[in-house]
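One file, work_15.cif, carrying mmCIF, C-alpha atoms:
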```cif
data_run
#
loop_
_atom_site.label_atom_id
_atom_site.label_comp_id
_atom_site.auth_asym_id
_atom_site.auth_seq_id
_atom_site.Cartn_x
_atom_site.Cartn_y
_atom_site.Cartn_z
CA MET A 263 3.88 132.62 -187.66
CA GLY A 264 0.26 131.93 -186.66
CA ASN A 265 -3.05 133.35 -185.51
CA CYS A 266 -4.85 133.72 -182.17
CA HIS A 267 -8.33 132.10 -182.25
CA THR A 268 -11.09 132.88 -179.77
CA VAL A 269 -14.19 130.89 -179.04
CA GLY A 270 -17.38 131.58 -177.04
CA PRO A 271 -18.89 129.46 -174.22
CA ASN A 272 -21.32 127.76 -176.64
CA GLU A 273 -18.54 126.37 -178.83
CA ALA A 274 -15.46 124.26 -178.49
CA LEU A 275 -12.25 124.95 -180.45
CA VAL A 276 -10.01 122.03 -181.34
CA VAL A 277 -6.42 122.85 -182.33
CA SER A 278 -4.48 119.90 -183.71
CA GLY A 279 -1.05 119.46 -185.30
CA GLY A 280 2.18 121.27 -184.63
CA CYS A 281 5.90 121.27 -185.20
CA CYS A 282 7.79 118.08 -185.96
CA GLY A 283 4.62 116.09 -186.65
CA SER A 284 3.20 116.44 -183.17
CA ASP A 285 -0.25 114.82 -182.55
CA TYR A 286 -1.07 117.09 -179.62
CA LYS A 287 -4.69 118.33 -179.50
CA GLN A 288 -5.91 121.32 -177.58
CA TYR A 289 -9.55 121.66 -176.58
CA VAL A 290 -10.75 125.15 -175.66
CA PHE A 291 -14.24 126.52 -174.93
CA GLY A 292 -14.99 130.05 -173.78
CA GLY A 293 -11.37 131.16 -174.30
CA TRP A 294 -8.57 131.47 -176.88
CA ALA A 295 -5.84 129.37 -178.47
CA TRP A 296 -2.80 129.89 -180.70
CA ALA A 297 -2.58 128.08 -184.03
CA TRP A 298 0.46 127.97 -186.31
CA TRP A 299 0.10 128.65 -189.99
CA CYS A 300 0.30 125.71 -192.29
CA ILE A 301 1.12 123.16 -189.61
CA SER A 302 -1.92 123.56 -187.25
CA ASP A 303 -5.59 122.86 -187.95
CA THR A 304 -8.52 124.47 -186.14
CA GLN A 305 -12.04 123.11 -186.02
CA ARG A 306 -15.15 124.06 -184.05
CA ILE A 307 -18.02 122.03 -182.58
CA SER A 308 -21.23 123.41 -181.08
CA LEU A 309 -21.94 122.96 -177.36
CA GLU A 310 -25.50 124.25 -177.55
CA ILE A 311 -28.49 122.22 -176.39
CA MET A 312 -30.10 120.07 -179.04
CA THR A 313 -33.83 119.30 -178.83
CA LEU A 314 -34.87 115.90 -180.11
CA GLN A 315 -38.34 114.39 -180.53
CA PRO A 316 -37.98 110.60 -180.64
CA ARG A 317 -41.10 108.91 -182.00
CA CYS A 318 -42.04 105.25 -182.01
CA GLU A 319 -45.12 104.29 -184.01
CA ASP A 320 -47.24 101.18 -183.51
CA VAL A 321 -44.90 99.61 -180.98
CA GLU A 322 -46.49 96.68 -179.16
CA THR A 323 -46.43 96.75 -175.38
CA ALA A 324 -46.09 93.78 -173.05
CA GLU A 325 -49.83 93.13 -173.50
CA GLY A 326 -49.63 93.30 -177.32
CA VAL A 327 -51.34 96.70 -177.64
CA ALA A 328 -49.81 98.87 -180.40
CA LEU A 329 -48.98 102.36 -179.14
CA THR A 330 -47.46 105.44 -180.67
CA VAL A 331 -45.25 107.35 -178.25
CA THR A 332 -43.62 110.73 -178.79
CA GLY A 333 -41.01 112.12 -176.44
CA VAL A 334 -38.94 115.26 -176.06
CA ALA A 335 -35.24 115.05 -175.15
CA GLN A 336 -32.72 117.80 -174.41
CA VAL A 337 -29.08 116.77 -175.08
CA LYS A 338 -25.71 118.44 -175.41
CA ILE A 339 -22.04 117.65 -175.81
CA MET A 340 -20.28 117.36 -172.44
CA THR A 341 -17.41 119.73 -171.68
CA GLU A 342 -15.22 117.43 -169.60
CA LYS A 343 -11.89 117.09 -171.39
CA GLU A 344 -12.01 113.31 -171.86
CA LEU A 345 -15.71 113.26 -172.88
CA LEU A 346 -15.23 116.31 -175.12
CA ALA A 347 -12.35 114.52 -176.85
CA VAL A 348 -14.65 111.48 -177.41
CA ALA A 349 -17.41 113.68 -178.86
CA CYS A 350 -14.89 115.43 -181.14
CA GLU A 351 -13.58 112.11 -182.40
CA GLN A 352 -17.10 111.03 -183.39
CA PHE A 353 -18.85 114.23 -184.43
CA LEU A 354 -16.09 116.74 -185.41
CA GLY A 355 -16.70 117.92 -189.01
CA LYS A 356 -20.43 117.00 -188.89
CA ASN A 357 -23.18 119.54 -188.70
CA VAL A 358 -25.71 119.73 -185.85
CA GLN A 359 -28.39 117.87 -187.78
CA ASP A 360 -26.14 114.86 -188.29
CA ILE A 361 -25.40 114.77 -184.57
CA LYS A 362 -29.14 114.98 -183.80
CA ASN A 363 -29.91 112.10 -186.14
CA VAL A 364 -27.34 109.83 -184.44
CA VAL A 365 -28.61 110.62 -180.95
CA LEU A 366 -32.24 110.45 -182.07
CA GLN A 367 -31.87 106.98 -183.47
CA THR A 368 -30.22 105.83 -180.24
CA LEU A 369 -33.03 107.25 -178.11
CA GLU A 370 -35.74 105.78 -180.33
CA GLY A 371 -34.13 102.34 -180.15
CA HIS A 372 -34.10 102.41 -176.35
CA LEU A 373 -37.63 103.85 -176.24
CA ARG A 374 -38.90 101.04 -178.46
CA SER A 375 -37.17 98.36 -176.35
CA ILE A 376 -38.61 99.71 -173.10
CA LEU A 377 -42.13 99.98 -174.53
CA GLY A 378 -42.10 96.23 -175.17
CA THR A 379 -41.57 95.52 -171.42
CA LEU A 380 -44.33 97.72 -169.95
CA THR A 381 -48.12 97.63 -169.92
CA VAL A 382 -50.34 100.35 -171.33
CA GLU A 383 -51.44 101.38 -167.83
CA GLN A 384 -47.82 101.74 -166.66
CA ILE A 385 -46.93 103.88 -169.68
CA TYR A 386 -50.08 106.01 -169.65
CA GLN A 387 -50.59 106.52 -165.94
CA ASP A 388 -46.95 106.94 -164.85
CA ARG A 389 -45.25 108.85 -167.64
CA ASP A 390 -42.61 110.33 -165.36
CA GLN A 391 -41.43 106.89 -164.27
CA PHE A 392 -41.45 105.74 -167.92
CA ALA A 393 -39.38 108.75 -169.02
CA LYS A 394 -36.98 108.25 -166.12
CA LEU A 395 -36.51 104.61 -167.10
CA VAL A 396 -35.74 105.60 -170.75
CA ARG A 397 -33.26 108.22 -169.60
CA GLU A 398 -31.46 105.82 -167.28
CA VAL A 399 -31.20 103.13 -169.94
CA ALA A 400 -30.09 105.43 -172.79
CA ALA A 401 -27.70 107.62 -170.78
CA PRO A 402 -24.76 105.15 -170.79
CA ASP A 403 -24.91 104.67 -174.57
CA VAL A 404 -25.09 108.34 -175.48
CA GLY A 405 -22.54 109.05 -172.73
CA ARG A 406 -20.03 106.92 -174.58
CA MET A 407 -20.53 109.35 -177.48
CA GLY A 408 -19.73 112.33 -175.27
CA ILE A 409 -23.43 113.33 -175.21
CA GLU A 410 -25.32 114.16 -172.00
CA ILE A 411 -29.11 113.78 -171.68
CA LEU A 412 -30.27 116.83 -169.80
CA SER A 413 -33.95 115.87 -169.77
CA PHE A 414 -36.38 113.41 -171.31
CA THR A 415 -40.16 113.58 -171.09
CA ILE A 416 -43.09 111.77 -172.75
CA LYS A 417 -44.98 114.20 -174.94
CA ASP A 418 -47.79 112.08 -176.27
CA VAL A 419 -49.16 108.53 -176.11
CA TYR A 420 -52.01 107.29 -178.31
CA ASP A 421 -53.18 104.23 -180.19
CA LYS A 422 -55.30 103.44 -183.25
CA VAL A 423 -57.65 100.89 -181.63
CA ASP A 424 -59.24 103.23 -179.01
CA TYR A 425 -57.69 101.25 -176.12
CA LEU A 426 -56.73 104.38 -174.25
CA SER A 427 -60.14 105.96 -174.88
CA SER A 428 -61.77 102.85 -173.41
CA LEU A 429 -59.58 103.20 -170.38
CA GLY A 430 -60.68 106.82 -170.23
CA LYS A 431 -64.34 105.88 -170.41
CA THR A 432 -63.87 103.37 -167.62
CA GLN A 433 -62.07 105.93 -165.57
CA THR A 434 -64.76 108.48 -166.39
CA ALA A 435 -67.44 106.07 -165.22
CA VAL A 436 -65.49 105.41 -162.06
CA VAL A 437 -65.07 109.13 -161.53
CA GLN A 438 -68.79 109.73 -162.16
CA ARG A 439 -69.65 106.97 -159.73
CA ASP A 440 -67.32 108.38 -157.17
CA ALA A 441 -68.85 111.80 -157.79
CA ASP A 442 -72.38 110.47 -157.17
CA ILE A 443 -71.17 108.67 -154.07
CA GLY A 444 -69.45 111.85 -152.98
CA VAL A 445 -72.67 113.86 -153.49
CA ALA A 446 -74.64 111.30 -151.47
CA GLU A 447 -72.04 111.26 -148.74
CA ALA A 448 -71.95 115.06 -148.78
CA GLU A 449 -75.74 115.20 -148.38
CA ARG A 450 -75.52 112.61 -145.64
CA ASP A 451 -72.73 114.52 -143.95
CA ALA A 452 -74.74 117.71 -144.36
CA GLY A 453 -77.72 116.08 -142.61
CA ILE A 454 -75.49 114.74 -139.92
CA ARG A 455 -73.83 118.09 -139.58
CA GLU A 456 -77.21 119.82 -139.39
CA ALA A 457 -78.28 117.42 -136.63
CA GLU A 458 -75.00 117.98 -134.86
CA CYS A 459 -75.50 121.74 -135.17
CA LYS A 460 -78.99 121.44 -133.68
CA LYS A 461 -77.58 119.25 -130.92
CA GLU A 462 -74.82 121.76 -130.33
CA MET A 463 -77.41 124.55 -130.24
CA LEU A 464 -79.44 122.61 -127.66
CA ASP A 465 -76.26 121.85 -125.74
CA VAL A 466 -75.34 125.53 -125.78
CA LYS A 467 -78.85 126.46 -124.62
CA PHE A 468 -78.71 123.83 -121.89
CA MET A 469 -75.26 125.04 -120.87
CA ALA A 470 -76.53 128.63 -120.82
CA ASP A 471 -79.52 127.63 -118.66
CA THR A 472 -77.16 125.63 -116.46
CA LYS A 473 -74.83 128.60 -116.14
CA ILE A 474 -77.76 130.84 -115.22
CA ALA A 475 -78.87 128.36 -112.58
CA ASP A 476 -75.28 128.04 -111.41
CA SER A 477 -75.00 131.82 -111.23
CA LYS A 478 -78.19 132.01 -109.15
CA ARG A 479 -76.97 129.22 -106.90
CA ALA A 480 -73.57 130.88 -106.61
CA PHE A 481 -75.29 134.19 -105.74
CA GLU A 482 -77.36 132.52 -103.04
CA LEU A 483 -74.29 130.67 -101.77
CA GLN A 484 -72.28 133.90 -101.79
CA LYS A 485 -75.10 135.69 -99.99
CA SER A 486 -75.24 132.91 -97.40
CA ALA A 487 -71.46 133.01 -97.13
CA PHE A 488 -71.57 136.77 -96.55
CA SER A 489 -74.26 136.34 -93.90
CA GLU A 490 -72.29 133.57 -92.30
CA GLU A 491 -69.16 135.71 -92.39
CA VAL A 492 -71.03 138.61 -90.76
CA ASN A 493 -72.32 136.28 -88.04
CA VAL A 494 -68.85 134.84 -87.60
CA LYS A 495 -67.32 138.29 -87.32
CA THR A 496 -70.01 139.33 -84.81
CA ALA A 497 -69.41 136.16 -82.79
CA GLU A 498 -65.67 136.69 -83.01
CA ALA A 499 -66.06 140.28 -81.79
CA GLN A 500 -68.21 139.11 -78.87
CA LEU A 501 -65.77 136.33 -78.13
CA ALA A 502 -62.87 138.75 -78.38
CA TYR A 503 -64.59 141.05 -75.89
CA GLU A 504 -65.16 138.16 -73.51
CA LEU A 505 -61.60 136.93 -74.04
CA GLN A 506 -60.25 140.41 -73.33
CA GLY A 507 -62.30 140.55 -70.11
CA ALA A 508 -61.01 137.08 -69.19
CA ARG A 509 -57.45 138.22 -69.93
CA GLU A 510 -57.88 141.24 -67.66
CA GLN A 511 -59.28 139.01 -64.89
CA GLN A 512 -56.39 136.64 -65.49
CA LYS A 513 -53.89 139.48 -65.22
CA ILE A 514 -55.49 140.61 -61.95
CA ARG A 515 -55.45 137.06 -60.62
CA GLN A 516 -51.84 136.64 -61.77
CA GLU A 517 -50.83 139.81 -59.91
CA GLU A 518 -52.64 138.55 -56.82
CA ILE A 519 -50.83 135.23 -57.15
CA GLU A 520 -47.53 137.04 -57.52
CA ILE A 521 -48.29 138.99 -54.33
CA GLU A 522 -49.16 135.72 -52.58
CA VAL A 523 -45.95 134.18 -53.93
CA VAL A 524 -43.89 137.08 -52.58
CA GLN A 525 -45.61 136.78 -49.22
CA ARG A 526 -45.09 133.06 -49.24
CA LYS A 527 -41.41 133.48 -50.13
CA LYS A 528 -40.99 135.85 -47.22
CA GLN A 529 -42.82 133.44 -44.94
CA ILE A 530 -40.66 130.58 -46.25
CA ALA A 531 -37.53 132.65 -45.59
CA VAL A 532 -38.72 133.31 -42.03
CA GLU A 533 -39.56 129.65 -41.55
CA ALA A 534 -36.15 128.72 -42.95
CA GLN A 535 -34.47 131.00 -40.42
CA GLU A 536 -36.61 129.46 -37.68
CA ILE A 537 -35.65 125.98 -38.90
CA LEU A 538 -31.97 126.90 -38.82
CA ARG A 539 -32.38 128.27 -35.30
CA THR A 540 -34.25 125.16 -34.19
CA ASP A 541 -31.69 122.94 -35.88
CA LYS A 542 -28.84 124.69 -34.09
CA GLU A 543 -30.73 124.44 -30.82
CA LEU A 544 -31.33 120.74 -31.36
CA ILE A 545 -27.68 120.26 -32.25
CA ALA A 546 -26.66 121.95 -29.03
CA THR A 547 -29.21 120.31 -26.73
CA VAL A 548 -29.87 116.93 -28.30
CA ARG A 549 -27.51 116.00 -31.12
CA ARG A 550 -24.23 116.70 -29.38
CA PRO A 551 -25.16 114.74 -26.22
CA ALA A 552 -26.65 111.98 -28.35
CA GLU A 553 -23.46 111.79 -30.36
CA ALA A 554 -21.43 111.60 -27.15
CA GLU A 555 -23.69 108.88 -25.77
CA ALA A 556 -23.56 107.03 -29.10
CA HIS A 557 -19.78 107.29 -29.07
CA ARG A 558 -19.71 105.92 -25.49
CA ILE A 559 -22.04 103.07 -26.41
CA GLN A 560 -19.99 102.36 -29.52
CA GLN A 561 -16.80 102.17 -27.44
CA ILE A 562 -18.50 99.87 -24.91
CA ALA A 563 -19.85 97.73 -27.76
CA GLU A 564 -16.43 97.51 -29.34
CA GLY A 565 -14.93 96.50 -25.99
CA GLU A 566 -17.67 93.90 -25.48
CA LYS A 567 -17.06 92.64 -29.01
CA VAL A 568 -13.35 92.30 -28.30
CA LYS A 569 -14.18 90.53 -25.07
CA GLN A 570 -16.53 88.11 -26.80
CA VAL A 571 -13.94 87.50 -29.51
CA LEU A 572 -11.27 86.72 -26.92
CA LEU A 573 -13.68 84.45 -24.99
CA ALA A 574 -14.66 82.70 -28.19
CA GLN A 575 -11.01 82.25 -29.11
CA ALA A 576 -10.31 80.84 -25.62
CA GLU A 577 -13.31 78.53 -25.82
CA ALA A 578 -12.26 77.42 -29.27
CA GLU A 579 -8.74 76.79 -27.98
CA LYS A 580 -10.24 74.85 -25.04
CA ILE A 581 -12.41 72.77 -27.33
CA ARG A 582 -9.46 72.20 -29.62
CA LYS A 583 -7.31 71.01 -26.67
CA ILE A 584 -10.14 68.77 -25.35
CA GLY A 585 -10.67 67.43 -28.86
CA GLU A 586 -7.01 66.72 -29.23
CA ALA A 587 -6.99 64.95 -25.81
CA GLU A 588 -10.11 62.93 -26.68
CA ALA A 589 -8.62 62.10 -30.04
CA ALA A 590 -5.45 60.90 -28.30
CA VAL A 591 -7.54 58.82 -25.87
CA ILE A 592 -9.64 57.38 -28.71
CA GLU A 593 -6.49 56.68 -30.63
CA ALA A 594 -4.97 54.91 -27.61
CA MET A 595 -8.17 52.97 -26.97
CA GLY A 596 -8.36 52.07 -30.66
CA LYS A 597 -4.80 50.90 -30.61
CA ALA A 598 -5.43 48.86 -27.43
CA GLU A 599 -8.63 47.40 -28.92
CA ALA A 600 -6.78 46.62 -32.12
CA GLU A 601 -4.00 44.99 -30.13
CA ARG A 602 -6.62 43.04 -28.10
CA MET A 603 -8.38 41.97 -31.27
CA LYS A 604 -5.06 41.02 -32.78
CA LEU A 605 -4.14 38.90 -29.71
CA LYS A 606 -7.64 37.46 -29.65
CA ALA A 607 -7.44 36.58 -33.33
CA GLU A 608 -4.07 34.99 -32.79
CA ALA A 609 -5.54 32.98 -29.87
CA TYR A 610 -8.53 31.95 -31.98
CA GLN A 611 -6.18 30.92 -34.74
CA LYS A 612 -4.08 28.97 -32.26
CA TYR A 613 -6.91 27.05 -30.59
CA GLY A 614 -9.09 26.65 -33.72
CA ASP A 615 -12.53 25.09 -33.16
CA ALA A 616 -12.21 25.19 -29.41
CA ALA A 617 -11.83 28.95 -29.56
CA LYS A 618 -14.80 29.28 -31.89
CA MET A 619 -16.81 27.08 -29.54
CA ALA A 620 -15.85 29.28 -26.64
CA LEU A 621 -17.03 32.34 -28.54
CA VAL A 622 -20.31 30.68 -29.38
CA LEU A 623 -20.85 29.61 -25.84
CA GLU A 624 -20.06 33.11 -24.63
CA ALA A 625 -22.50 34.57 -27.13
CA LEU A 626 -25.38 32.18 -26.46
CA PRO A 627 -26.42 33.76 -23.12
CA GLN A 628 -26.45 37.16 -24.81
CA ILE A 629 -28.55 35.80 -27.68
CA ALA A 630 -30.93 34.18 -25.25
CA ALA A 631 -31.14 37.44 -23.32
CA LYS A 632 -31.99 39.40 -26.49
CA ILE A 633 -34.64 36.84 -27.42
CA ALA A 634 -36.16 36.82 -23.97
CA ALA A 635 -36.00 40.60 -23.58
CA PRO A 636 -39.71 41.05 -24.48
CA LEU A 637 -40.63 38.53 -21.76
CA THR A 638 -39.14 40.77 -19.07
CA LYS A 639 -42.10 43.04 -19.47
CA VAL A 640 -44.55 40.21 -18.74
CA ASP A 641 -45.60 39.89 -15.08
CA GLU A 642 -46.98 36.36 -15.20
CA ILE A 643 -47.11 33.42 -17.65
CA VAL A 644 -49.77 30.77 -17.23
CA VAL A 645 -49.44 27.48 -19.10
CA LEU A 646 -52.69 25.63 -19.59
CA SER A 647 -52.71 21.97 -20.46
CA GLY A 648 -55.18 19.07 -20.28
CA ASP A 649 -54.76 15.42 -19.90
CA ASN A 650 -53.06 15.17 -23.21
CA SER A 651 -50.54 17.99 -22.53
CA LYS A 652 -47.89 18.52 -25.14
CA VAL A 653 -45.79 21.04 -23.23
CA THR A 654 -43.08 18.53 -22.47
CA SER A 655 -42.92 17.33 -26.03
CA GLU A 656 -42.77 20.92 -27.31
CA VAL A 657 -39.92 21.79 -24.97
CA ASN A 658 -38.08 18.67 -26.03
CA ARG A 659 -38.64 19.58 -29.69
CA LEU A 660 -37.29 23.09 -29.19
CA LEU A 661 -34.22 21.76 -27.42
CA ALA A 662 -33.68 19.23 -30.23
CA GLU A 663 -33.88 21.98 -32.83
CA LEU A 664 -31.49 24.27 -30.94
CA PRO A 665 -28.24 22.77 -32.39
CA ALA A 666 -29.60 23.14 -35.91
CA SER A 667 -30.50 26.79 -35.27
CA VAL A 668 -27.06 27.52 -33.78
CA HIS A 669 -25.41 25.84 -36.75
CA ALA A 670 -27.52 27.92 -39.14
CA LEU A 671 -26.64 31.15 -37.32
CA THR A 672 -22.96 30.59 -36.47
CA GLY A 673 -21.83 27.66 -38.56
CA VAL A 674 -20.89 25.67 -35.38
CA ASP A 675 -22.25 22.18 -35.13
CA LEU A 676 -22.96 21.55 -31.40
CA SER A 677 -23.62 17.87 -31.99
CA LYS A 678 -19.94 17.30 -32.84
CA ILE A 679 -18.53 19.00 -29.73
CA PRO A 680 -17.59 16.57 -26.92
CA LEU A 681 -19.33 17.03 -23.61
CA ILE A 682 -17.43 19.10 -21.07
CA LYS A 683 -17.88 18.74 -17.41
CA ASN A 684 -18.21 21.89 -15.36
CA ALA A 685 -16.88 22.32 -11.82
CA THR A 686 -19.95 20.68 -10.27
CA GLY A 687 -19.43 17.59 -12.27
CA ALA A 688 -22.41 18.06 -14.58
CA GLN A 689 -22.04 17.46 -18.30
CA VAL A 690 -22.31 20.45 -20.54
#
```

Hey, can you dump this file as structure tokens for me?
Amino acid sequence: MGNCHTVGPNEALVVSGGCCGSDYKQYVFGGWAWAWWCISDTQRISLEIMTLQPRCEDVETAEGVALTVTGVAQVKIMTEKELLAVACEQFLGKNVQDIKNVVLQTLEGHLRSILGTLTVEQIYQDRDQFAKLVREVAAPDVGRMGIEILSFTIKDVYDKVDYLSSLGKTQTAVVQRDADIGVAEAERDAGIREAECKKEMLDVKFMADTKIADSKRAFELQKSAFSEEVNVKTAEAQLAYELQGAREQQKIRQEEIEIEVVQRKKQIAVEAQEILRTDKELIATVRRPAEAEAHRIQQIAEGEKVKQVLLAQAEAEKIRKIGEAEAAVIEAMGKAEAERMKLKAEAYQKYGDAAKMALVLEALPQIAAKIAAPLTKVDEIVVLSGDNSKVTSEVNRLLAELPASVHALTGVDLSKIPLIKNATGAQV
């Protein structure tokens, strides 16, 4: 058989062993467990917080100053199953003091190693950072023992060579100096503030005087505005009275105009009737006869137009017939002239130079007539000559040059033509 074991929340119960040589271990805290007689073993381990005070004496810092540091650490065994099993393997069967000694030595070793890397100012002025650094460095090592560091703080730091007291005196002097400076600045600020208060008082007084003056000016302006408003209202009332009188006069005039309009409309209606009567009378006496006369004239004009058109067509036909007859005559004459010219050309071609000579001889009298034409307008020609008269020689010269002139004009050389006797027997 066996027993039922209970355990509180501040303890852990370890039940090991069992039937058939089993190595099963059961870890229980704040509960109960069954253990067999003779073949099961039960052991307990405390889970309460353990307070440790690690102390390092005369440990040199990074600057070579020997310090004594005392800390306070709160540790406990962790309750996670794996970590609790680790803690039981290392500390089961030991009392609390033995566990404290193991953890204390570990913390002191880490504390000593960290002190050697920091300066006195870093350790003294920033203890929280120093404690945090120790906790972070030592936590993995004690964690591998199943121990958890709940807190770690620096309790005390001092030295045997008055290094920290010297730092304190320097700091005290700095603080005293800052205090004196602060007093001087406070007095200065007080003076400045007093001047500012006086200035504010004067500003307030000036603003009050300004507001009083503004109030007086506003009162006068309001009074003037009221007076102006009264005058405006009076003027508006007078103007309204005059406007009302003008409106009444306008209404009277409008009614008179309406009466005149009605009378004028009636007169216009009468005149319109008279115009209609006159128009009808004119239509009967003037327009109708005029239209008849216009129609008669239009018919006569149309007949005259037709007559003129027919005459023009007859004249055009006459001219066309005459033109055709003249064209036929011209055509016949042209054909006869062409035939004559053709026969003449054939004769000229047949007789050769003799024909050309005949043409030249026929043309010479005409040429002479054209040249002498201006002389026909002369009534008398008088030739004056002296003893040495050259008239005969000039005539002879002209006659000698005549064949050359004819040759130049016609291309016929008279000097090569044989003399021809006319009917009288004279040589030509």

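Using all atoms listed in the file, the nearest neighbour of Cys266 in chain A within the list A:Trp294, A:Glu586, A:Ala499, A:Val492 is A:Trp294.
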
Which residues fall under the PyMOL selection byres ((chain A and resi 389) around 12) in this file, as a PyMOL selection string?
-> chain A and resi 331-333+377+380-388+390-396+414-419

What's the 10 Å shell around Ser375 in chain A, counting only C-alpha atoms, without same-chain residues fewer than 2 positions away, as a PyMOL selection string?
-> chain A and resi 321-323+369-373+377-380+396+399

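The gap separating CA of Arg306 in chain A from CA of Ala400 in chain A is 26.4 Å, in Å to one decimal.
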
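We find CA of Met603 in chain A and CA of Leu626 in chain A to be spaced 20.2 Å apart.
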
Residues picked by the PyMOL selection byres ((chain A and resi 349-361) around 7) here, as an MDAnalysis selection string?
-> chainID A and resid 307 339 345:348 362:365 407:408

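In this model, the gap between CA of Arg374 in chain A and CA of Gly326 in chain A comes to 13.3 Å.
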
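The protein and nucleic acid residues lying at most 9 Å from Ile411 in chain A are A:Ala335, A:Gln336, A:Val337, A:Lys338, A:Arg397, A:Ala400, A:Ala401, A:Val404, A:Gly405, A:Phe414, with all atoms listed in the file considered and sequence neighbours fewer than 3 positions away removed.
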
Which residue of A:Lys422, A:Arg539, A:Arg558, A:Arg526 approaches Val327 in chain A most closely, using all atoms listed in the file | A:Lys422

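For Val423 in chain A, the residues within 12 Å (counting all atoms listed in the file, excluding itself and residues fewer than 6 positions away along the chain) are Asp320, Gly326, Val327, Ala328, Leu329, Thr330 and Leu429 of chain A.
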
At a cut-off of 7 Å from (-35.4, 116.1, -180.3) in the coordinates of the file, what residues are picked up using only C-alpha atoms, written as a ChimeraX atom specification?
-> /A:312-316,334-336,366
